[in-house]
Protein chains: 2
Amino acid sequence: MRVIELNKSVTESNDLDAKNLRDELTKAKVCLINLMSSPGSGKTTLLKRTITDLKDKIRFGVVEADIASDVDAIAIEENGAKSIQVHTDGMCHMDAGMTRRGVFELGIEDIDIAVLENVGNLICPAEFDTGAHVNVMILSIPEGDDKPLKYPLMFSMVDALVVTKYDTKSFFNFDEDKCYEAVKKLNPNVRIFPVSAKTGEGMNEWEEYLLGLKKDM
Amino acid sequence: MRVIELNKSVTESNDLDAKNLRDELTKAKVCLINLMSSPGSGKTTLLKRTITDLKDKIRFGVVEADIASDVDAIAIEENGAKSIQVHTDGMCHMDAGMTRRGVFELGIEDIDIAVLENVGNLICPAEFDTGAHVNVMILSIPEGDDKPLKYPLMFSMVDALVVTKYDTKSFFNFDEDKCYEAVKKLNPNVRIFPVSAKTGEGMNEWEEYLLGLKKDM
């Protein structure tokens, strides 16, 4: 078994756009969270429960990025937060320019936390600074405990990791110790929140974290 | 809730490379399968079981594409098929040139079916013809039944859909009728194989399909 290294071509010049967006949002006291995960990890379910639980404490706005469909934005609006759907026309990530457009079309005057629900994918989104203040990754239990080995960049660059579908742990051979140890090796300062949006387990700690983010702006 | 359409930039000129690779492999009587899915959908687990079950009938070779790690290639070799790991250095897909390099470094003289385990991602891999004869997508039950709405291109372009982790169906609200109906609407001729590599349910039909592919070369 051998390993072949292939080359990539990357577009740059995004970093300044990202910094500018972050600075503007800071001035407006709006915290922007970049939420990243695989497809089907439970991003929208987590968001819906979080918005409902915190509805008297945090005014959320959600930018839903997808290559197609608007099912997520509709689901979010049904939970009482304002949202906007962004179609990336096949692109696998959001950059700072695209994020800026989403956030300002959404409107920031009446929100505390803007959540960018990035395209479902563990690769491309990790490579672009969106301008977010905080990067959060979701890993769902059914995806398996080996993901930190396979997507090291994503796990290295996030501030918090939310481990979702925690109620299904008994069904899958998910070794928490092994997984979290690999994550901490890549990223010693990451906060880890195991949660079940279904049973509510762990939601308190995650929501306290979000209240802290609002407070710090 | 509004929808914003953003633009993409795409690289082309891959189609001829793909056609040439496909023709060469056809002459060599090697069927190339491009296997695509989200991270954690159970691609490697399905492959391991398939290789073991069919070890006296099909000689498999596996090209494992990943942005990092070689855990999958090692797992495949332990099951008796030859394999090679390709690192894409952050790129989210395999194109025909990369696939050619992987397949010929693997060596095709002693295999019937070459499997390209594409990068775990439902977006970029659907946009590039790898040169494969057959495109197969894996959707795992925990990812949810709404994925055809969100990743229509992927579901439209595959010849077969393998629905994995079928033994966990009782745990998730996965509406098979709704899901398969959406898939068939995008892709009327797709073959759908619900399987559990753990319990063996459905594996026979999937393996008969592979035997048919070998026979047709």
# chains A, B, ... in the order shown; residues from 1 in each chain; ligands from 1

$ interface_residues --of "chain B" --to "chain A" --cutoff "9 Å" --atoms "only C-alpha atoms" --output "ChimeraX atom specification"
/B:1-9,38-42,66-71,73-74,77,82-92,98,101-102,105-106,120-124,127,142-144,146-147,149-153,168,171

$ write_last_selection --atoms "C-alpha atoms" --output "PDB file, in the first residue's frame"
ATOM      1  CA  MET B   1     -37.094  34.045   3.531  1.00  0.00           C
ATOM      2  CA  ARG B   2     -35.340  34.800   0.242  1.00  0.00           C
ATOM      3  CA  VAL B   3     -32.976  32.870  -1.992  1.00  0.00           C
ATOM      4  CA  ILE B   4     -29.703  34.299  -3.319  1.00  0.00           C
ATOM      5  CA  GLU B   5     -27.998  32.614  -6.279  1.00  0.00           C
ATOM      6  CA  LEU B   6     -24.210  32.826  -6.149  1.00  0.00           C
ATOM      7  CA  ASN B   7     -21.923  31.975  -9.056  1.00  0.00           C
ATOM      8  CA  LYS B   8     -19.334  29.277  -9.419  1.00  0.00           C
ATOM      9  CA  SER B   9     -16.187  28.918 -11.453  1.00  0.00           C
ATOM     10  CA  SER B  38     -20.728  11.635   2.882  1.00  0.00           C
ATOM     11  CA  PRO B  39     -18.054  11.080   5.486  1.00  0.00           C
ATOM     12  CA  GLY B  40     -19.028   8.301   7.861  1.00  0.00           C
ATOM     13  CA  SER B  41     -21.616   6.667   5.627  1.00  0.00           C
ATOM     14  CA  GLY B  42     -20.010   3.268   5.933  1.00  0.00           C
ATOM     15  CA  ASP B  66      -8.783  11.006   1.123  1.00  0.00           C
ATOM     16  CA  ILE B  67      -7.423  14.367   2.075  1.00  0.00           C
ATOM     17  CA  ALA B  68      -5.418  12.709   4.857  1.00  0.00           C
ATOM     18  CA  SER B  69      -4.765   9.407   6.664  1.00  0.00           C
ATOM     19  CA  ASP B  70      -4.416   5.882   5.321  1.00  0.00           C
ATOM     20  CA  VAL B  71      -6.707   4.067   7.747  1.00  0.00           C
ATOM     21  CA  ALA B  73      -6.432   1.484   2.683  1.00  0.00           C
ATOM     22  CA  ILE B  74      -4.958  -0.467   5.587  1.00  0.00           C
ATOM     23  CA  GLU B  77      -5.712  -4.690   2.632  1.00  0.00           C
ATOM     24  CA  LYS B  82      -5.034  -4.820  -2.961  1.00  0.00           C
ATOM     25  CA  SER B  83      -5.370  -1.115  -2.396  1.00  0.00           C
ATOM     26  CA  ILE B  84      -3.664   2.205  -2.760  1.00  0.00           C
ATOM     27  CA  GLN B  85      -4.195   5.447  -0.868  1.00  0.00           C
ATOM     28  CA  VAL B  86      -4.384   8.708  -2.775  1.00  0.00           C
ATOM     29  CA  HIS B  87      -4.067  11.988  -0.893  1.00  0.00           C
ATOM     30  CA  THR B  88      -5.771  14.863  -2.622  1.00  0.00           C
ATOM     31  CA  ASP B  89      -3.992  17.569  -0.592  1.00  0.00           C
ATOM     32  CA  GLY B  90      -7.214  19.255   0.419  1.00  0.00           C
ATOM     33  CA  MET B  91      -9.058  18.858  -2.880  1.00  0.00           C
ATOM     34  CA  CYS B  92     -12.634  17.749  -2.448  1.00  0.00           C
ATOM     35  CA  MET B  98      -6.068  11.779 -10.636  1.00  0.00           C
ATOM     36  CA  ARG B 101      -2.847   7.816 -11.699  1.00  0.00           C
ATOM     37  CA  GLY B 102      -4.442   5.973  -8.766  1.00  0.00           C
ATOM     38  CA  GLU B 105      -0.286   2.816  -9.706  1.00  0.00           C
ATOM     39  CA  LEU B 106      -2.576   0.220  -8.124  1.00  0.00           C
ATOM     40  CA  GLY B 120     -16.274  11.836   1.382  1.00  0.00           C
ATOM     41  CA  ASN B 121     -18.511  14.608   0.128  1.00  0.00           C
ATOM     42  CA  LEU B 122     -21.837  14.822  -1.738  1.00  0.00           C
ATOM     43  CA  ILE B 123     -21.007  17.880  -3.826  1.00  0.00           C
ATOM     44  CA  CYS B 124     -17.715  18.102  -5.707  1.00  0.00           C
ATOM     45  CA  GLU B 127     -19.258  17.306 -10.841  1.00  0.00           C
ATOM     46  CA  PRO B 142     -28.683   8.192   9.980  1.00  0.00           C
ATOM     47  CA  GLU B 143     -28.077  10.945   7.382  1.00  0.00           C
ATOM     48  CA  GLY B 144     -31.813  11.283   6.855  1.00  0.00           C
ATOM     49  CA  ASP B 146     -34.165  14.518   2.885  1.00  0.00           C
ATOM     50  CA  LYS B 147     -30.772  14.181   1.205  1.00  0.00           C
ATOM     51  CA  LEU B 149     -33.627  17.336  -2.028  1.00  0.00           C
ATOM     52  CA  LYS B 150     -30.317  18.783  -0.890  1.00  0.00           C
ATOM     53  CA  TYR B 151     -27.893  17.036  -3.229  1.00  0.00           C
ATOM     54  CA  PRO B 152     -29.927  16.557  -6.419  1.00  0.00           C
ATOM     55  CA  LEU B 153     -26.927  16.412  -8.776  1.00  0.00           C
ATOM     56  CA  THR B 168     -30.379   1.223  12.502  1.00  0.00           C
ATOM     57  CA  PHE B 171     -33.566   4.311  15.630  1.00  0.00           C
TER      58      PHE B 171
END

$ residues_around --residues "region 185-196 of chain A" --least-positions-apart "4" --cutoff "12 Å" --atoms "only C-alpha atoms" --output "ChimeraX atom specification"
/A:41-43,45-47,49-50,134-141,147-169,176-181,200-210

$ select_by_dssp --residues "region 90-145 of chain B" --states "helix (DSSP H, G or I)" --output "list in words"
Ala96, Gly97, Met98, Thr99, Arg100, Arg101, Gly102, Val103, Phe104, Glu105, Leu106, Cys124, Pro125, Ala126, Glu127, Ile141, Pro142 and Glu143 of chain B

$ write_last_selection --atoms "C-alpha atoms" --output "compact mmCIF listing (two decimals), in the first residue's frame"
# COMPACT_ATOMS: atom_id res chain seq x y z
CA ALA B 96 -10.07 11.64 -14.41
CA GLY B 97 -6.35 12.44 -14.36
CA MET B 98 -6.07 11.78 -10.64
CA THR B 99 -8.12 8.60 -11.00
CA ARG B 100 -5.91 7.37 -13.85
CA ARG B 101 -2.85 7.82 -11.70
CA GLY B 102 -4.44 5.97 -8.77
CA VAL B 103 -5.72 3.09 -10.89
CA PHE B 104 -2.49 2.49 -12.79
CA GLU B 105 -0.29 2.82 -9.71
CA LEU B 106 -2.58 0.22 -8.12
CA CYS B 124 -17.72 18.10 -5.71
CA PRO B 125 -17.36 14.41 -6.67
CA ALA B 126 -20.67 14.61 -8.57
CA GLU B 127 -19.26 17.31 -10.84
CA ILE B 141 -29.89 5.77 7.23
CA PRO B 142 -28.68 8.19 9.98
CA GLU B 143 -28.08 10.95 7.38

$ residues_around --residues "Arg22 (chain B)" --least-positions-apart "4" --cutoff "9 Å" --atoms "only C-alpha atoms" --output "list in words"
Asp17, Ala18, Thr26, Lys27, Cys31, Leu32, Thr130, Gly131, Ala132 and His133 of chain B

$ select_by_dssp --residues "region 121-200 of chain B" --states "strand (DSSP E or B)" --output "NGL selection string"
:B and (134-140 or 160-164 or 191-194)

$ atom_distance --atom1 "CA of Ile113 (chain B)" --atom2 "CA of Thr199 (chain B)"
24.3 Å

$ closest_residue --among "B:Ala75, B:Val30, B:Met36, B:Val183" --to "Asp110 (chain B)" --atoms "only C-alpha atoms"
B:Val30
